[in-house]
Amino acid sequence: MTNYWNTSGIPHKGWILEDVNDIREDGQSVEETEYETCMMCNNERIRFVHIVSHKDFGNELKVGCVCAEKMTNDYVNPQKHEQRLRNKAQRRINWSKKEWKVSKNGNLFLKVNDHHILIYKDKITKKFKCKIGEHFGKKQFDSIELAKVSAFNGIEYYKEKNEW
Ligand SMILES: [Zn+2]
């Protein structure tokens, strides 16, 4: 296995942090998680993939937090992004444990921070749809579980846009 830290022609400094992804984002369990390997040191088994780029290097690299910090010479932001994703993952777990109420029509509903969340069955397609606050989601889902995941992502989206 190549360790890029010892390979000539690979810059050690001057990398830019482009993005950080949680490979467990789709709700995988610990056992199911296929961890990535840090492309720089080949040692770190990583869940949070830090994508870095360099003007003198053609490809982006997927690396772990430790290498990302050294490569970008930034000891704040890589961990900060990781923490943000950890918090989101925890919110997703909490969300999956929420107990939904059933309306008279058989729809599921929930109140979150004064916003009304609704999962209902489309009368024509018989698939599930979400309504978040006053927003009707356009997507349709085969299962209630998928609709719940989508509602979570919708709420996160509105939070990011500060419309929550
Ligand atoms: Zn590494």
# chains A, B, ... in the order shown; residues from 1 in each chain; ligands from 1
>>> residues_near_ligand(ligand="ligand 1", cutoff="7 Å", atoms="only C-alpha atoms and all ligand atoms", output="list of chain:residue names")
A:Cys38, A:Met39, A:Met40, A:Cys41, A:Asn42, A:Asn43, A:Glu44, A:Val63, A:Gly64, A:Val66, A:Cys67
>>> write_last_selection(atoms="N, CA and C atoms", output="PDB file, in the first residue's frame")
ATOM      1  N   CYS A  38      -8.101   6.104   4.206  1.00  0.00           N
ATOM      2  CA  CYS A  38      -7.498   7.394   3.878  1.00  0.00           C
ATOM      3  C   CYS A  38      -6.531   7.216   2.702  1.00  0.00           C
ATOM      4  N   MET A  39      -6.719   8.009   1.644  1.00  0.00           N
ATOM      5  CA  MET A  39      -5.874   7.862   0.452  1.00  0.00           C
ATOM      6  C   MET A  39      -4.478   8.420   0.667  1.00  0.00           C
ATOM      7  N   MET A  40      -4.311   9.198   1.721  1.00  0.00           N
ATOM      8  CA  MET A  40      -2.999   9.806   1.952  1.00  0.00           C
ATOM      9  C   MET A  40      -2.090   8.884   2.760  1.00  0.00           C
ATOM     10  N   CYS A  41      -2.594   8.391   3.875  1.00  0.00           N
ATOM     11  CA  CYS A  41      -1.732   7.591   4.755  1.00  0.00           C
ATOM     12  C   CYS A  41      -2.056   6.105   4.687  1.00  0.00           C
ATOM     13  N   ASN A  42      -3.217   5.797   4.104  1.00  0.00           N
ATOM     14  CA  ASN A  42      -3.622   4.396   3.999  1.00  0.00           C
ATOM     15  C   ASN A  42      -3.857   3.702   5.327  1.00  0.00           C
ATOM     16  N   ASN A  43      -3.807   4.445   6.397  1.00  0.00           N
ATOM     17  CA  ASN A  43      -3.984   3.843   7.717  1.00  0.00           C
ATOM     18  C   ASN A  43      -5.354   4.111   8.304  1.00  0.00           C
ATOM     19  N   GLU A  44      -5.743   5.365   8.219  1.00  0.00           N
ATOM     20  CA  GLU A  44      -6.981   5.746   8.872  1.00  0.00           C
ATOM     21  C   GLU A  44      -8.165   5.025   8.233  1.00  0.00           C
ATOM     22  N   VAL A  63      -9.544  11.744   2.331  1.00  0.00           N
ATOM     23  CA  VAL A  63      -8.642  11.463   3.447  1.00  0.00           C
ATOM     24  C   VAL A  63      -9.378  11.553   4.784  1.00  0.00           C
ATOM     25  N   GLY A  64      -8.709  11.085   5.823  1.00  0.00           N
ATOM     26  CA  GLY A  64      -9.257  11.174   7.166  1.00  0.00           C
ATOM     27  C   GLY A  64      -8.989  12.524   7.786  1.00  0.00           C
ATOM     28  N   VAL A  66      -7.228  13.421  10.419  1.00  0.00           N
ATOM     29  CA  VAL A  66      -5.846  13.704  10.833  1.00  0.00           C
ATOM     30  C   VAL A  66      -5.026  14.204   9.646  1.00  0.00           C
ATOM     31  N   CYS A  67      -5.136  13.493   8.537  1.00  0.00           N
ATOM     32  CA  CYS A  67      -4.391  13.917   7.345  1.00  0.00           C
ATOM     33  C   CYS A  67      -4.941  15.232   6.786  1.00  0.00           C
TER      34      CYS A  67
END
>>> select_by_dssp(residues="range 11-69 of chain A", states="helix (DSSP H, G or I)", output="list in words")
Cys65, Val66, Cys67, Ala68 and Glu69 of chain A
>>> residues_around(residues="Lys80 in chain A", least_positions_apart="4", cutoff="12 Å", atoms="only C-alpha atoms", output="number ranges by chain")
A: 17, 19-20, 48, 50, 65, 69, 74-76, 84-87
>>> residues_around(residues="range 110-112 of chain A", least_positions_apart="4", cutoff="9 Å", atoms="only C-alpha atoms", output="PyMOL selection string")
chain A and resi 98-102+116-119
>>> write_last_selection(atoms="C-alpha atoms", output="mmCIF file, in the first residue's frame")
data_model
loop_
_atom_site.group_PDB
_atom_site.id
_atom_site.type_symbol
_atom_site.label_atom_id
_atom_site.label_comp_id
_atom_site.auth_asym_id
_atom_site.auth_seq_id
_atom_site.Cartn_x
_atom_site.Cartn_y
_atom_site.Cartn_z
ATOM 1 C CA LYS A 98 -40.001 9.345 17.319
ATOM 2 C CA GLU A 99 -43.474 8.087 17.946
ATOM 3 C CA TRP A 100 -45.884 9.316 15.340
ATOM 4 C CA LYS A 101 -49.538 9.898 15.991
ATOM 5 C CA VAL A 102 -52.238 8.552 13.737
ATOM 6 C CA HIS A 116 -46.682 20.120 11.603
ATOM 7 C CA ILE A 117 -45.216 17.090 9.827
ATOM 8 C CA LEU A 118 -47.579 14.844 7.951
ATOM 9 C CA ILE A 119 -47.155 11.577 6.065
#
>>> closest_residue(among="A:Lys88, A:Lys13, A:Lys126, A:Arg45", to="Lys159 in chain A", atoms="only C-alpha atoms")
A:Lys88
>>> residues_around(residues="Tyr120 in chain A", least_positions_apart="2", cutoff="6 Å", atoms="only C-alpha atoms", output="list in words")
Asn107, Phe128 and Lys129 of chain A
>>> select_by_dssp(residues="range 4-152 of chain A", states="strand (DSSP E)", output="MDAnalysis selection string")
chainID A and resid 16:22 36:37 45:46 48:54 57:63 101:102 108:112 115:121 128:132 135:136
>>> write_last_selection(atoms="C-alpha atoms", output="PDB file, in the first residue's frame")
ATOM      1  CA  ILE A  16      -8.006  22.957   0.283  1.00  0.00           C
ATOM      2  CA  LEU A  17     -10.845  21.265   2.122  1.00  0.00           C
ATOM      3  CA  GLU A  18     -13.673  20.931  -0.394  1.00  0.00           C
ATOM      4  CA  ASP A  19     -16.217  18.890   1.500  1.00  0.00           C
ATOM      5  CA  VAL A  20     -16.753  16.396   4.285  1.00  0.00           C
ATOM      6  CA  ASN A  21     -19.149  13.465   3.951  1.00  0.00           C
ATOM      7  CA  ASP A  22     -20.469  10.948   6.405  1.00  0.00           C
ATOM      8  CA  GLU A  36     -13.151   4.149   3.553  1.00  0.00           C
ATOM      9  CA  THR A  37      -9.396   4.145   3.759  1.00  0.00           C
ATOM     10  CA  ARG A  45     -10.215   3.808   8.642  1.00  0.00           C
ATOM     11  CA  ILE A  46     -12.598   6.619   8.014  1.00  0.00           C
ATOM     12  CA  PHE A  48     -15.996  10.996   7.731  1.00  0.00           C
ATOM     13  CA  VAL A  49     -14.458  11.444   4.318  1.00  0.00           C
ATOM     14  CA  HIS A  50     -12.620  14.722   3.902  1.00  0.00           C
ATOM     15  CA  ILE A  51     -12.294  15.668   0.249  1.00  0.00           C
ATOM     16  CA  VAL A  52      -9.263  17.814  -0.443  1.00  0.00           C
ATOM     17  CA  SER A  53      -7.888  19.350  -3.612  1.00  0.00           C
ATOM     18  CA  HIS A  54      -4.608  20.970  -4.612  1.00  0.00           C
ATOM     19  CA  PHE A  57      -2.342  17.886  -8.151  1.00  0.00           C
ATOM     20  CA  GLY A  58      -4.858  16.609 -10.664  1.00  0.00           C
ATOM     21  CA  ASN A  59      -7.106  14.544  -8.455  1.00  0.00           C
ATOM     22  CA  GLU A  60      -9.054  15.191  -5.327  1.00  0.00           C
ATOM     23  CA  LEU A  61      -8.116  12.924  -2.460  1.00  0.00           C
ATOM     24  CA  LYS A  62     -10.401  11.383   0.119  1.00  0.00           C
ATOM     25  CA  VAL A  63      -8.642  11.463   3.447  1.00  0.00           C
ATOM     26  CA  LYS A 101     -49.538   9.898  15.991  1.00  0.00           C
ATOM     27  CA  VAL A 102     -52.238   8.552  13.737  1.00  0.00           C
ATOM     28  CA  LEU A 108     -49.185   9.885  10.477  1.00  0.00           C
ATOM     29  CA  PHE A 109     -48.404  13.211  12.010  1.00  0.00           C
ATOM     30  CA  LEU A 110     -45.933  14.799  14.345  1.00  0.00           C
ATOM     31  CA  LYS A 111     -45.320  18.215  15.747  1.00  0.00           C
ATOM     32  CA  VAL A 112     -41.709  19.405  15.740  1.00  0.00           C
ATOM     33  CA  HIS A 115     -44.185  22.691  12.703  1.00  0.00           C
ATOM     34  CA  HIS A 116     -46.682  20.120  11.603  1.00  0.00           C
ATOM     35  CA  ILE A 117     -45.216  17.090   9.827  1.00  0.00           C
ATOM     36  CA  LEU A 118     -47.579  14.844   7.951  1.00  0.00           C
ATOM     37  CA  ILE A 119     -47.155  11.577   6.065  1.00  0.00           C
ATOM     38  CA  TYR A 120     -50.139  10.618   3.994  1.00  0.00           C
ATOM     39  CA  LYS A 121     -51.065   8.175   1.300  1.00  0.00           C
ATOM     40  CA  PHE A 128     -46.663   7.929   0.611  1.00  0.00           C
ATOM     41  CA  LYS A 129     -45.988  11.626   0.557  1.00  0.00           C
ATOM     42  CA  CYS A 130     -44.786  14.188   3.105  1.00  0.00           C
ATOM     43  CA  LYS A 131     -45.955  17.572   4.127  1.00  0.00           C
ATOM     44  CA  ILE A 132     -43.606  19.688   6.201  1.00  0.00           C
ATOM     45  CA  HIS A 135     -44.714  22.601   2.132  1.00  0.00           C
ATOM     46  CA  PHE A 136     -46.112  19.654   0.237  1.00  0.00           C
TER      47      PHE A 136
END
>>> decode(residues="range 29-43 of chain A", atoms="C-alpha atoms", output="PDB file, in the first residue's frame")
ATOM      1  CA  SER A  29     -25.843   0.667  10.999  1.00  0.00           C
ATOM      2  CA  VAL A  30     -22.406   0.339  12.538  1.00  0.00           C
ATOM      3  CA  GLU A  31     -22.111  -3.236  11.287  1.00  0.00           C
ATOM      4  CA  GLU A  32     -23.119  -2.339   7.740  1.00  0.00           C
ATOM      5  CA  THR A  33     -20.723   0.569   7.423  1.00  0.00           C
ATOM      6  CA  GLU A  34     -18.065   0.086   4.813  1.00  0.00           C
ATOM      7  CA  TYR A  35     -15.372   2.380   6.010  1.00  0.00           C
ATOM      8  CA  GLU A  36     -13.151   4.149   3.553  1.00  0.00           C
ATOM      9  CA  THR A  37      -9.396   4.145   3.759  1.00  0.00           C
ATOM     10  CA  CYS A  38      -7.498   7.394   3.878  1.00  0.00           C
ATOM     11  CA  MET A  39      -5.874   7.862   0.452  1.00  0.00           C
ATOM     12  CA  MET A  40      -2.999   9.806   1.952  1.00  0.00           C
ATOM     13  CA  CYS A  41      -1.732   7.591   4.755  1.00  0.00           C
ATOM     14  CA  ASN A  42      -3.622   4.396   3.999  1.00  0.00           C
ATOM     15  CA  ASN A  43      -3.984   3.843   7.717  1.00  0.00           C
TER      16      ASN A  43
END
